Structure formats: C-alpha cells, structure tokens
Amino acid sequence: MKMDRHTTATLLETAAKSLLSNELAAIHALGEIPRDLFVPLFNAAFLGGHKKILKAIVGVWPFRCLHIGRLNAQEKYYDNLEAMVDGLQILPAQKSSSRGPKLRILDLRHDPDCETTCSEIRTTFPFCFQSCIYSQDSILKTEEAKHRVRCLGIGNSESQPQSAQEPMELLVDISLNSVMRTQRFHSFLCRKVQQSCGSLHLCCRDLQINKMSALRRILQFLDLGCIDHLEVNQAYLSEVITLLAQMIHLNSLSLSNVPFKTYRRRNFRSFLIWLRRLDNLQELSLSFFCLTDQLHKLLRVLPGQLDTLYLSFCGLSLRDFTVLSQSSQATHLRVLNLSNNQIPEVSEPFQILLEKVSGTLQHLEINNCVITDSILSAVLPALSHCSHLRVLSFAFNPITMSVLQSLLQHLTTLTNLKHVIYPVPVHCYDEWNFQDSLDRQKLAEVQAQLKVMLQVVHRDDMNWTTCSE
Ligand SMILES: [Zn+2]
Ligand SMILES: [Zn+2]
C-alpha cells in the first residue's frame with residue numbers, strides 16, 4: 001500500500017500521542033524511535049505540557065535547531081520553556097546519550113511562520129535560518145574564531161578547554177515587567193547561562209521594557225547588539241540613551257511615556273546622536289514624547305528610507321508639520337500615524353505631506369487631530385492620490401455628514417483601500433465627542449447611508465466602521 005504524505009503525517013501524530021500516554025516508556029524509547037517521529041512527538045508533548053518528556057526530547061533532539069514556532073500552550077508556557085532549556089546539554093559531563101546531542105539552536109520565540117526545524121540542506125554553518133549573526137558569542141563568530149586559530153596553527157585542540165563544549169544559542173523574546181512568573185523565568189535563564197561557562201549564547205532580538213525599574217539583571221546576560229526590536233514604556237531619556245548606545249542593529253524603536261522634564265538639552269542631543277547611528281532603523285514610534293518645534297532635529301538624524309513613523313501625542317506644531325512635509329522621509333513612508341496631534345488650521349503643510357507620501361503610503365492614522373470639514377476638504381484631492389492606501393483611520397474628528405459623503409465618493413476610487421475607520425459625524429452627538437451624548441439611532445442611519453453609497457459604486461469589499469462599533 002502506498003501512503004501519501006498526509007496519511008504518513010497522521011500516522012506519526014497518532015504514534016506520538018500513544019507514546020505520550022506512558023511518560024516513562026516514551027522517555028525510554030527516545031533513543032530508538034525514528035527521526036521522523038521527533039517533530040510530532042515534540043508538538044504533542046508541548047501542547048500537552050509533558051515537561052519530563054520535553055526535557056528528554058531536547059536532550060536527544062536529532063536536528064541542529066528546534067523552534068517552538070507556532071506552538072502555544074497558554075498557562076503551561078513558561079513551565080514548558082524551562083523544561084526545554086533544562087534539556088539543553090550545556091555541560092560536557094551530560095554528553096552521555098548514545099545518539100549524541102545534535103541541537104545547537106533552541107528558539108523559544110513564538111512565530112507562526114516558523115517550522116519546528118530548518119531543513120538540513122547545508123551541513124556547515126549557518127544551518128539554521130535564525131542563527132545569530134551579530135554577537136561575538138554567536139555560533140558563527142565562535143566557529144570563525146576557532147577556524148582562524150586552526151589555520152594559524154596556534155596550539156592544538158586538546159589544550160583548549162573552551163572547545164570541549166560546542167557553542168549553542170538560546171533565542172528568546174524578553175519582556176521586562178512586574179509579572180512574578182516572567183521574572184522567575186528570567187532568573188532561571190540567567191542561571192543557565194552562568195552554568196554554561198560561556199558556551200550558551202542567550203540571544204534576544206525583541207526586548208520590551210515596561211518601567212525601567214523592573215528587574216533587569218537579565219540585561220547583563222544579553223548582548224544588546226543582537227536586539228533588533230526595542231520597546232520601552234515609562235523610562236527616563238537618559239536610561240533610553242544608555243540602552244541605545246549598545247543597540248546598533250535596531251530595526252524598530254518604540255518609546256512611550258518618556259517624561260518631558262527628563263529631556264534636558266544635553267540628553268536630547270545625545271539621544272539624537274545615538275539615533276543617527278541606527279542605520280538599519282525602519283520603524284520609529286514615539287508617543288507621549290514632546291516634540292513641539294523639535295521634529296526637524298529628529299528627521300535630520302533618521303534614515304531617509306524610514307518605513308514606519310508613529311508620532312502620537314507628540315504635540316506637533318505647524319512648524320513640525322511643515323518640516324515633515326519637506327523631509328526626505330516623506331517620500332518613502334508606508335505607515336504614518338499622526339494621531340492625537342492637532343493638524344494645523346493652515347492645511348497646506350499637511351496637504352503637501354499627503355502628496356509627498358502618496359506614492360508609498362499604505363496605512364494612515366490621523367485620529368483625534370481636530371480635523372474640520374475645511375481641512376478635510378482641502379486635503380481630499382491629495383488623499384485620493386494615495387493609490388497604495390489600504391487602511392485609513394481618522395476617528396474622533398469633528399466632521400459633518402456631507403463632507404463624510406464627499407470623502408467616501410473620492411476614496412472609493414482607491415482600489416487597494418479596504419479598511420476605513422471614520423469619525424461619527426457631529427450631528428449624531430448632542431455634545432460633540434461625548435460618548436454619553438451619542439444618538440445611536442442617528443449613527444445607524446449614517447451607517448446605512450454609507451452602505452448604500454458603497455453598493456452603488458460596487459465597493460462592497462470596502463469596510464467602513466466607526467470606533468464605537
Ligand atoms: Zn532553524
Ligand atoms: Zn545573538
């Protein structure tokens with residue numbers, strides 16, 4: 001009988017599940033079972049929270065890398081991760097298995113697009129798509145160094161104790177917060193790195209810090225040069241600068257709630273100096289970050305090819321809108337969020353800005369910007385040139401029904417535009433923008449009218465909603 005791949009996969013899953021029903025037998029069988037059974041067995045053990053089996057599986061994993069990828073186990077999550085890290089053969093003495101551990105990269109990051117193990121096309125490094133390329137402690141750099149030593153003929157391998165253990169990488173996303181379980185997990189990771197005597201590289205690319213005061217001992221165990229995404233909420237600017245100075249490979253930087261009184265002139269200047277060094281920066285998000293009349297300084301140091309710019313609650317002035325409209329970044333942005341800043345009554349800078357970004361812009365958010373009928377009417381031609389636009393959100397602005405209808409007529413020509421979040425027109429409120437004074441009946445009529453208009457122009461694929469829906 002010939003089996004197709006699907007049937008084989010189902011059979012392997014069934015075999016894995018039946019193995020799990022007896023933990024001891026399963027652990028015992030790990031030395032004998034075929035390689036093909038490891039991935040389904042690992043998936044089932046992870047989802048079922050079988051910690052002992054997980055630890056044992058990692059110990060004899062027959063591939064070079066192991067990614068948890070799309071697996072998610074809710075409340076057992078940290079227990080699972082700890083069991084897996086425990087299974088890593090970081091001490092030479094633990095090398096006892098007959099099969100011999102092959103695992104070099106353990107990836108504990110949740111990633112729905114990542115396979116459990118990378119296909120082994122290459123036999124040499126890099127054998128894993130996720131391996132670290134920056135740190136001196138990475139497998140890549142360690143092996144390069146070893147290779148150089150060998151080529152130069154310095155010493156011999158027997159006299160070098162550090163080569164007794166092959167370098168390994170542990171990939172984790174780290175979120176510094178006040179949750180006890182998270183902190184316990186971090187302490188556990190620190191202990192493991194210490195025990196490894198330098199053979200385990202703890203590689204974090206995504207770091208979230210919620211309040212700098214949160215336990216941050218783990219930062220000492222990280223090479224901050226590996227980080228490409230940094231998110232900081234509630235910190236002093238001087239603390240942010242200290243971090244940035246070491247994070248030269250950042251792709252995405254998000255800062256929120258940096259208190260204004262902490263940006264003394266010297267601090268702000270250093271912030272700009274470090275920002276200028278971030279050549280790979282694609283995304284910048286600043287919120288509750290006072291930039292009034294300062295935006296030109298920021299734009300001067302940002303890469304011209306910036307992809308995403310979020311400036312919510314930044315107190316932008318007419319001058320700031322003007323420099324943004326004249327900046328080199330304006331012709332490249334794909335995502336722009338200017339919500340919670342007052343768009344100037346003199347709408348020309350905003351209009352020019354929209355014309356400049358019209359060739360690239362896909363996502364625009366201008367919620368709560370005090371956009372009036374006259375501003376919206378003035379920028380409408382420029383807005384309807386944004387042919388790549390997919391998402392437009394401009395909720396909480398004082399717009400009347402007639403201008404909203406005119407906007408809809410213009411925007412339905414944008415074929416890529418699928419999602420519009422529009423403001424509830426002013427006539428639906430007794431007192432504008434007071435949620436309690438919203439007349440739901442009037443809003444329902446507005447929704448019905450817009451729906452009919454969309455049907456008439458055959459744009460049922462467009463989704464127009466308000467924030468109150
Ligand atoms: Zn891999
Ligand atoms: Zn790294």
# chains A, B, ... in the order shown; residues from 1 in each chain; ligands from 1
>>> residues_around(residues="segment 391-403 of chain A", least_positions_apart="5", cutoff="8 Å", atoms="only C-alpha atoms", output="ChimeraX atom specification")
/A:362-373,376-377,417-427,432-433,446,466-467
>>> write_last_selection(atoms="C-alpha atoms", output="PDB file, in the first residue's frame")
ATOM      1  CA  GLN A 362      -0.332  52.126   2.765  1.00  0.00           C
ATOM      2  CA  HIS A 363      -1.522  52.913   6.267  1.00  0.00           C
ATOM      3  CA  LEU A 364      -2.554  56.322   7.600  1.00  0.00           C
ATOM      4  CA  GLU A 365      -3.852  57.129  11.070  1.00  0.00           C
ATOM      5  CA  ILE A 366      -4.990  60.629  11.922  1.00  0.00           C
ATOM      6  CA  ASN A 367      -7.397  60.005  14.784  1.00  0.00           C
ATOM      7  CA  ASN A 368      -8.280  62.805  17.156  1.00  0.00           C
ATOM      8  CA  CYS A 369      -6.423  65.503  15.215  1.00  0.00           C
ATOM      9  CA  VAL A 370      -9.152  68.188  15.291  1.00  0.00           C
ATOM     10  CA  ILE A 371      -9.612  67.772  11.546  1.00  0.00           C
ATOM     11  CA  THR A 372     -12.500  70.004  10.476  1.00  0.00           C
ATOM     12  CA  ASP A 373     -14.607  69.996   7.309  1.00  0.00           C
ATOM     13  CA  LEU A 376     -10.541  67.582   5.140  1.00  0.00           C
ATOM     14  CA  SER A 377     -11.989  69.178   2.005  1.00  0.00           C
ATOM     15  CA  LEU A 417      -8.219  50.747   0.243  1.00  0.00           C
ATOM     16  CA  LYS A 418     -10.204  48.157   2.210  1.00  0.00           C
ATOM     17  CA  HIS A 419     -10.474  49.496   5.755  1.00  0.00           C
ATOM     18  CA  VAL A 420     -11.699  52.933   6.731  1.00  0.00           C
ATOM     19  CA  ILE A 421     -12.344  53.921  10.327  1.00  0.00           C
ATOM     20  CA  TYR A 422     -14.321  57.149  10.132  1.00  0.00           C
ATOM     21  CA  PRO A 423     -15.473  59.620  12.778  1.00  0.00           C
ATOM     22  CA  VAL A 424     -19.065  59.620  13.933  1.00  0.00           C
ATOM     23  CA  PRO A 425     -20.405  62.769  12.237  1.00  0.00           C
ATOM     24  CA  VAL A 426     -21.041  65.715  14.532  1.00  0.00           C
ATOM     25  CA  HIS A 427     -24.853  65.668  14.132  1.00  0.00           C
ATOM     26  CA  TRP A 432     -19.562  66.512  20.207  1.00  0.00           C
ATOM     27  CA  ASN A 433     -17.369  63.573  21.152  1.00  0.00           C
ATOM     28  CA  VAL A 446     -25.343  57.188   8.869  1.00  0.00           C
ATOM     29  CA  THR A 466     -16.521  53.709  13.453  1.00  0.00           C
ATOM     30  CA  CYS A 467     -14.608  53.172  16.687  1.00  0.00           C
TER      31      CYS A 467
END
>>> closest_atom_pairs(of="chain A", to="ligand 2", cutoff="6 Å", atoms="only C-alpha atoms and all ligand atoms", output="CSV")
residue,atom,partner,partner_atom_place_in_ligand_line,distance
A:Cys132,CA,ligand 2,1 (Zn),4.5
A:Tyr134,CA,ligand 2,1 (Zn),5.9
A:Ser135,CA,ligand 2,1 (Zn),4.8
A:Ser138,CA,ligand 2,1 (Zn),5.7
A:Cys203,CA,ligand 2,1 (Zn),3.9
A:Cys226,CA,ligand 2,1 (Zn),4.5
>>> residues_near_ligand(ligand="ligand 1", cutoff="6 Å", atoms="only C-alpha atoms and all ligand atoms", output="list in words")
Cys65, Thr117, Cys118, Cys128, Phe129 and Gln130 of chain A
>>> residues_around(residues="Arg35 of chain A", least_positions_apart="4", cutoff="9 Å", atoms="only C-alpha atoms", output="ChimeraX atom specification")
/A:39,61-63
>>> select_by_dssp(residues="segment 166-389 of chain A", states="alpha helix (DSSP H)", output="ChimeraX atom specification")
/A:180-195,237-244,265-276,295-301,318-326,348-357,373-383
>>> residues_around(residues="Asn210 of chain A", least_positions_apart="2", cutoff="10 Å", atoms="only C-alpha atoms", output="short mmCIF file (atom, residue, chain, number, x, y, z; two decimals) with all heavy atoms, in the first residue's frame")
data_model
loop_
_atom_site.label_atom_id
_atom_site.label_comp_id
_atom_site.auth_asym_id
_atom_site.auth_seq_id
_atom_site.Cartn_x
_atom_site.Cartn_y
_atom_site.Cartn_z
N SER A 175 10.49 40.27 27.86
CA SER A 175 9.63 41.37 28.26
C SER A 175 9.86 41.64 29.74
O SER A 175 9.54 40.80 30.58
CB SER A 175 8.18 40.98 27.98
OG SER A 175 7.32 41.91 28.55
N LEU A 176 10.47 42.77 30.04
CA LEU A 176 10.72 43.11 31.44
C LEU A 176 9.49 43.78 32.02
O LEU A 176 9.13 44.88 31.61
CB LEU A 176 11.91 44.06 31.56
CG LEU A 176 13.28 43.54 31.15
CD1 LEU A 176 14.35 44.57 31.47
CD2 LEU A 176 13.59 42.24 31.86
N ASN A 177 8.83 43.10 32.92
CA ASN A 177 7.64 43.66 33.54
C ASN A 177 7.58 43.17 34.98
O ASN A 177 8.48 42.49 35.45
CB ASN A 177 6.39 43.26 32.76
CG ASN A 177 6.31 41.77 32.56
OD1 ASN A 177 6.60 41.00 33.47
ND2 ASN A 177 5.92 41.35 31.36
N SER A 178 6.50 43.50 35.67
CA SER A 178 6.47 43.14 37.09
C SER A 178 5.75 41.82 37.34
O SER A 178 5.44 41.50 38.47
CB SER A 178 5.84 44.28 37.88
OG SER A 178 4.66 44.68 37.23
N LEU A 207 13.13 43.07 22.64
CA LEU A 207 13.14 43.41 24.06
C LEU A 207 12.07 44.44 24.36
O LEU A 207 12.02 45.49 23.72
CB LEU A 207 14.53 43.96 24.43
CG LEU A 207 14.72 44.45 25.87
CD1 LEU A 207 14.58 43.30 26.86
CD2 LEU A 207 16.09 45.11 26.05
N GLN A 208 11.21 44.10 25.31
CA GLN A 208 10.18 45.04 25.73
C GLN A 208 10.42 45.38 27.19
O GLN A 208 10.58 44.49 28.02
CB GLN A 208 8.79 44.40 25.61
CG GLN A 208 8.34 44.26 24.19
CD GLN A 208 6.95 43.65 24.12
OE1 GLN A 208 6.19 43.69 25.07
NE2 GLN A 208 6.66 43.05 22.99
N MET A 212 11.47 50.93 33.63
CA MET A 212 12.87 50.53 33.72
C MET A 212 13.21 49.94 35.07
O MET A 212 14.18 49.22 35.22
CB MET A 212 13.77 51.75 33.46
CG MET A 212 13.94 52.09 32.02
SD MET A 212 14.69 50.76 31.07
CE MET A 212 16.39 51.03 31.44
N SER A 213 12.37 50.27 36.07
CA SER A 213 12.70 49.80 37.41
C SER A 213 12.52 48.29 37.54
O SER A 213 13.05 47.69 38.46
CB SER A 213 11.83 50.51 38.43
OG SER A 213 10.48 50.35 38.06
N ALA A 214 11.78 47.68 36.62
CA ALA A 214 11.53 46.24 36.71
C ALA A 214 12.87 45.50 36.71
O ALA A 214 13.84 45.96 36.14
CB ALA A 214 10.68 45.78 35.54
N GLU A 231 11.21 48.08 22.64
CA GLU A 231 10.01 48.82 23.02
C GLU A 231 10.18 49.22 24.48
O GLU A 231 10.38 48.38 25.33
CB GLU A 231 8.81 47.87 22.87
CG GLU A 231 7.52 48.57 22.60
CD GLU A 231 6.39 47.56 22.43
OE1 GLU A 231 6.52 46.66 21.56
OE2 GLU A 231 5.41 47.65 23.18
N VAL A 232 10.12 50.51 24.76
CA VAL A 232 10.27 50.97 26.14
C VAL A 232 9.09 51.82 26.53
O VAL A 232 8.73 52.77 25.83
CB VAL A 232 11.57 51.79 26.34
CG1 VAL A 232 11.73 52.19 27.80
CG2 VAL A 232 12.79 51.02 25.87
N ASN A 233 8.47 51.47 27.63
CA ASN A 233 7.37 52.25 28.15
C ASN A 233 7.74 52.75 29.54
O ASN A 233 8.19 51.97 30.38
CB ASN A 233 6.11 51.37 28.21
CG ASN A 233 4.91 52.13 28.71
OD1 ASN A 233 4.79 53.34 28.51
ND2 ASN A 233 4.02 51.43 29.40
N GLN A 234 7.62 54.05 29.76
CA GLN A 234 7.95 54.67 31.05
C GLN A 234 9.42 54.54 31.40
O GLN A 234 9.82 53.62 32.10
CB GLN A 234 7.13 54.04 32.18
CG GLN A 234 5.66 54.36 32.09
CD GLN A 234 4.93 53.94 33.35
OE1 GLN A 234 5.36 54.22 34.45
NE2 GLN A 234 3.82 53.27 33.17
N ALA A 235 10.20 55.45 30.90
CA ALA A 235 11.62 55.47 31.25
C ALA A 235 12.12 56.88 31.10
O ALA A 235 11.49 57.70 30.42
CB ALA A 235 12.40 54.55 30.32
N SER A 256 7.46 55.12 24.63
CA SER A 256 6.27 55.83 25.07
C SER A 256 6.39 56.23 26.52
O SER A 256 7.09 55.58 27.30
CB SER A 256 5.00 55.00 24.83
OG SER A 256 5.11 53.77 25.47
#
